[in-house]
Amino acid sequence: MSNNQFSSSRYEKRDKKRKTNIVLNTLIGIVLVLIFVIGSQLILGANQSEKTAKYNEQPDIKLASEEDQTEDSMETEVEETETEETEGTEKDQEDTEQESQQQAGTDENMTDSFEQATITEGDPGSGIAETIENQAWEPVGTSQSEPHTANYTKGSQDWNEMTKALSYATGIPESDMIIWFLGNNGGPNDAAGTISPKDQSAKYKVYLTWVEGKGWKPTKIEKLN
């Protein structure tokens, strides 16, 4: 074999090997690109699936939250209603207790007022059940100066002091008193008032006289039929 033939054979082998390498490298590159593309799609698809799953779960969570809020709201309304009913019942009980205490206080005051009194039965047909007089009664005091002129106008200083004397004599609190009449009793220093407690369980005519510098003093009570 000549030198030219030997060189040509070697060149052909190298060229064939080079072409083979190019083909293999090309195939490897294609495979790598395919692997990258497929892998990317798989990863993106998994992420999208996860996002979709989370998105689909959100309405359920929101719905559950709304249901909880509705239940809490209903429970709050029930609690508020029960509280209002309880407060209303307690207020009614307190009002009843206050009325009972007030009535008991009125009865006790009237008992104390009449404890040292002289009580005389009235004549039949006179309209007077009892006449009550008490030597222990004192003037109720006054802020008015002398000379005094009686003023029977409602709300005047005299009216307020006479009302105080009516309460003092009968034991009926001013807040529980009905004044049917309050006026002059025939003299410049004499007055009379017809009163009853608000439940109108009794009716009294109270006679008053003015004590100079000391105010109105009860002198006699008539318990009316």
# chains A, B, ... in the order shown; residues from 1 in each chain; ligands from 1
>>> residues_around(residues="Ser167 (chain A)", least_positions_apart="5", cutoff="12 Å", atoms="only C-alpha atoms", output="list of chain:residue names")
A:Thr106, A:Asn109, A:Met110, A:Ser113, A:Val140, A:Asn160, A:Glu161, A:Met162, A:Ile172, A:Pro173, A:Glu174, A:Ser175, A:Asp176, A:Met177, A:Ile178, A:Ile179, A:Gly193, A:Thr194, A:Ile195, A:Ser196, A:Pro197, A:Tyr204, A:Lys205, A:Val206, A:Leu208, A:Trp216, A:Lys217, A:Pro218, A:Ile221
>>> residues_around(residues="region 151-158 of chain A", least_positions_apart="6", cutoff="12 Å", atoms="only C-alpha atoms", output="number ranges by chain")
A: 140-145, 164-165, 179, 181-185, 188-193, 208-210, 215-216
>>> write_last_selection(atoms="N, CA and C atoms", output="short mmCIF file (atom, residue, chain, number, x, y, z; two decimals), in the first residue's frame")
data_model
loop_
_atom_site.label_atom_id
_atom_site.label_comp_id
_atom_site.auth_asym_id
_atom_site.auth_seq_id
_atom_site.Cartn_x
_atom_site.Cartn_y
_atom_site.Cartn_z
N VAL A 140 -93.92 72.79 111.93
CA VAL A 140 -92.95 72.14 111.03
C VAL A 140 -91.79 73.05 110.65
N GLY A 141 -91.81 74.31 111.11
CA GLY A 141 -90.74 75.24 110.78
C GLY A 141 -91.06 76.05 109.53
N THR A 142 -90.40 77.17 109.39
CA THR A 142 -90.64 78.03 108.24
C THR A 142 -89.41 78.85 107.91
N SER A 143 -89.32 79.28 106.67
CA SER A 143 -88.26 80.20 106.22
C SER A 143 -88.84 81.59 105.97
N GLN A 144 -90.12 81.76 106.32
CA GLN A 144 -90.80 83.04 106.08
C GLN A 144 -90.63 83.97 107.28
N SER A 145 -90.67 85.25 106.99
CA SER A 145 -90.52 86.25 108.04
C SER A 145 -91.90 86.79 108.45
N LYS A 164 -96.04 70.00 103.88
CA LYS A 164 -95.13 69.34 104.82
C LYS A 164 -95.83 69.05 106.14
N ALA A 165 -96.66 69.99 106.61
CA ALA A 165 -97.40 69.80 107.86
C ALA A 165 -98.44 68.70 107.71
N ILE A 179 -103.67 65.69 97.19
CA ILE A 179 -104.28 66.83 97.90
C ILE A 179 -105.59 67.18 97.18
N PHE A 181 -107.98 69.16 98.60
CA PHE A 181 -108.28 70.56 98.92
C PHE A 181 -107.24 71.06 99.90
N LEU A 182 -106.83 72.34 99.75
CA LEU A 182 -105.94 72.98 100.70
C LEU A 182 -106.23 74.48 100.65
N GLY A 183 -106.75 75.02 101.76
CA GLY A 183 -107.11 76.43 101.74
C GLY A 183 -107.41 76.97 103.13
N ASN A 184 -108.01 78.15 103.13
CA ASN A 184 -108.32 78.86 104.38
C ASN A 184 -109.42 78.12 105.15
N ASN A 185 -109.33 78.21 106.49
CA ASN A 185 -110.33 77.56 107.34
C ASN A 185 -111.06 78.56 108.24
N PRO A 188 -107.30 84.15 109.43
CA PRO A 188 -106.06 84.47 108.70
C PRO A 188 -104.91 83.53 109.02
N ASN A 189 -104.97 82.87 110.18
CA ASN A 189 -103.89 81.97 110.59
C ASN A 189 -104.34 80.52 110.66
N ASP A 190 -105.49 80.22 110.06
CA ASP A 190 -106.03 78.86 110.11
C ASP A 190 -106.20 78.31 108.69
N ALA A 191 -105.84 77.04 108.51
CA ALA A 191 -105.96 76.38 107.20
C ALA A 191 -106.44 74.96 107.41
N ALA A 192 -106.89 74.33 106.33
CA ALA A 192 -107.31 72.94 106.37
C ALA A 192 -107.02 72.31 105.02
N GLY A 193 -106.68 71.03 105.05
CA GLY A 193 -106.42 70.30 103.82
C GLY A 193 -107.05 68.92 103.85
N LEU A 208 -104.84 72.99 110.38
CA LEU A 208 -103.54 73.60 110.65
C LEU A 208 -103.72 75.00 111.23
N THR A 209 -102.75 75.41 112.04
CA THR A 209 -102.73 76.79 112.51
C THR A 209 -101.31 77.33 112.41
N TRP A 210 -101.21 78.64 112.17
CA TRP A 210 -99.90 79.26 112.02
C TRP A 210 -99.37 79.68 113.38
N GLY A 215 -93.99 78.43 111.98
CA GLY A 215 -94.63 77.76 110.86
C GLY A 215 -95.94 77.09 111.19
N TRP A 216 -96.41 76.25 110.27
CA TRP A 216 -97.71 75.59 110.39
C TRP A 216 -97.63 74.39 111.33
#
>>> atom_distance(atom1="CA of Thr219 (chain A)", atom2="CA of Tyr168 (chain A)")
11.5 Å
>>> closest_residue(among="A:Ile22, A:Arg14, A:Lys220, A:Val33", to="Glu133 (chain A)", atoms="only C-alpha atoms")
A:Lys220
>>> select_by_dssp(residues="region 161-208 of chain A", states="strand (DSSP E or B)", output="ChimeraX atom specification")
/A:177-184,190-197,204-208
>>> write_last_selection(atoms="N, CA and C atoms", output="PDB file, in the first residue's frame")
ATOM      1  N   MET A 177     -98.899  61.454  98.226  1.00  0.00           N
ATOM      2  CA  MET A 177    -100.066  62.189  98.717  1.00  0.00           C
ATOM      3  C   MET A 177    -100.889  62.781  97.574  1.00  0.00           C
ATOM      4  N   ILE A 178    -102.215  62.629  97.689  1.00  0.00           N
ATOM      5  CA  ILE A 178    -103.148  63.340  96.821  1.00  0.00           C
ATOM      6  C   ILE A 178    -103.781  64.451  97.659  1.00  0.00           C
ATOM      7  N   ILE A 179    -103.674  65.692  97.191  1.00  0.00           N
ATOM      8  CA  ILE A 179    -104.283  66.826  97.898  1.00  0.00           C
ATOM      9  C   ILE A 179    -105.590  67.180  97.177  1.00  0.00           C
ATOM     10  N   TRP A 180    -106.705  66.882  97.836  1.00  0.00           N
ATOM     11  CA  TRP A 180    -108.016  67.164  97.258  1.00  0.00           C
ATOM     12  C   TRP A 180    -108.412  68.632  97.480  1.00  0.00           C
ATOM     13  N   PHE A 181    -107.983  69.159  98.597  1.00  0.00           N
ATOM     14  CA  PHE A 181    -108.282  70.557  98.918  1.00  0.00           C
ATOM     15  C   PHE A 181    -107.238  71.064  99.904  1.00  0.00           C
ATOM     16  N   LEU A 182    -106.834  72.340  99.754  1.00  0.00           N
ATOM     17  CA  LEU A 182    -105.942  72.975 100.701  1.00  0.00           C
ATOM     18  C   LEU A 182    -106.233  74.476 100.647  1.00  0.00           C
ATOM     19  N   GLY A 183    -106.751  75.017 101.764  1.00  0.00           N
ATOM     20  CA  GLY A 183    -107.112  76.430 101.741  1.00  0.00           C
ATOM     21  C   GLY A 183    -107.413  76.973 103.127  1.00  0.00           C
ATOM     22  N   ASN A 184    -108.014  78.154 103.127  1.00  0.00           N
ATOM     23  CA  ASN A 184    -108.323  78.858 104.377  1.00  0.00           C
ATOM     24  C   ASN A 184    -109.420  78.117 105.155  1.00  0.00           C
ATOM     25  N   ASP A 190    -105.490  80.218 110.060  1.00  0.00           N
ATOM     26  CA  ASP A 190    -106.034  78.862 110.107  1.00  0.00           C
ATOM     27  C   ASP A 190    -106.202  78.313 108.688  1.00  0.00           C
ATOM     28  N   ALA A 191    -105.839  77.043 108.508  1.00  0.00           N
ATOM     29  CA  ALA A 191    -105.960  76.383 107.203  1.00  0.00           C
ATOM     30  C   ALA A 191    -106.438  74.958 107.411  1.00  0.00           C
ATOM     31  N   ALA A 192    -106.889  74.334 106.330  1.00  0.00           N
ATOM     32  CA  ALA A 192    -107.312  72.937 106.368  1.00  0.00           C
ATOM     33  C   ALA A 192    -107.019  72.305 105.022  1.00  0.00           C
ATOM     34  N   GLY A 193    -106.679  71.027 105.051  1.00  0.00           N
ATOM     35  CA  GLY A 193    -106.416  70.296 103.816  1.00  0.00           C
ATOM     36  C   GLY A 193    -107.048  68.921 103.852  1.00  0.00           C
ATOM     37  N   THR A 194    -107.633  68.513 102.723  1.00  0.00           N
ATOM     38  CA  THR A 194    -108.202  67.168 102.597  1.00  0.00           C
ATOM     39  C   THR A 194    -107.269  66.362 101.707  1.00  0.00           C
ATOM     40  N   ILE A 195    -106.771  65.245 102.234  1.00  0.00           N
ATOM     41  CA  ILE A 195    -105.750  64.461 101.527  1.00  0.00           C
ATOM     42  C   ILE A 195    -106.031  62.972 101.638  1.00  0.00           C
ATOM     43  N   SER A 196    -105.316  62.189 100.832  1.00  0.00           N
ATOM     44  CA  SER A 196    -105.349  60.726 100.920  1.00  0.00           C
ATOM     45  C   SER A 196    -104.069  60.189 100.314  1.00  0.00           C
ATOM     46  N   PRO A 197    -103.695  58.955 100.654  1.00  0.00           N
ATOM     47  CA  PRO A 197    -102.576  58.333  99.921  1.00  0.00           C
ATOM     48  C   PRO A 197    -103.024  58.037  98.497  1.00  0.00           C
ATOM     49  N   TYR A 204    -108.379  61.951 104.739  1.00  0.00           N
ATOM     50  CA  TYR A 204    -108.251  62.719 105.978  1.00  0.00           C
ATOM     51  C   TYR A 204    -108.461  64.204 105.711  1.00  0.00           C
ATOM     52  N   LYS A 205    -109.061  64.872 106.697  1.00  0.00           N
ATOM     53  CA  LYS A 205    -109.107  66.335 106.707  1.00  0.00           C
ATOM     54  C   LYS A 205    -108.238  66.794 107.862  1.00  0.00           C
ATOM     55  N   VAL A 206    -107.207  67.584 107.548  1.00  0.00           N
ATOM     56  CA  VAL A 206    -106.214  67.995 108.537  1.00  0.00           C
ATOM     57  C   VAL A 206    -106.352  69.501 108.781  1.00  0.00           C
ATOM     58  N   TYR A 207    -106.436  69.863 110.058  1.00  0.00           N
ATOM     59  CA  TYR A 207    -106.556  71.274 110.442  1.00  0.00           C
ATOM     60  C   TYR A 207    -105.185  71.794 110.865  1.00  0.00           C
ATOM     61  N   LEU A 208    -104.845  72.995 110.384  1.00  0.00           N
ATOM     62  CA  LEU A 208    -103.542  73.596 110.654  1.00  0.00           C
ATOM     63  C   LEU A 208    -103.724  75.001 111.231  1.00  0.00           C
TER      64      LEU A 208
END
>>> atom_distance(atom1="CA of His148 (chain A)", atom2="CA of Glu212 (chain A)")
7.8 Å
>>> atom_distance(atom1="CA of Glu130 (chain A)", atom2="CA of Thr118 (chain A)")
9.9 Å
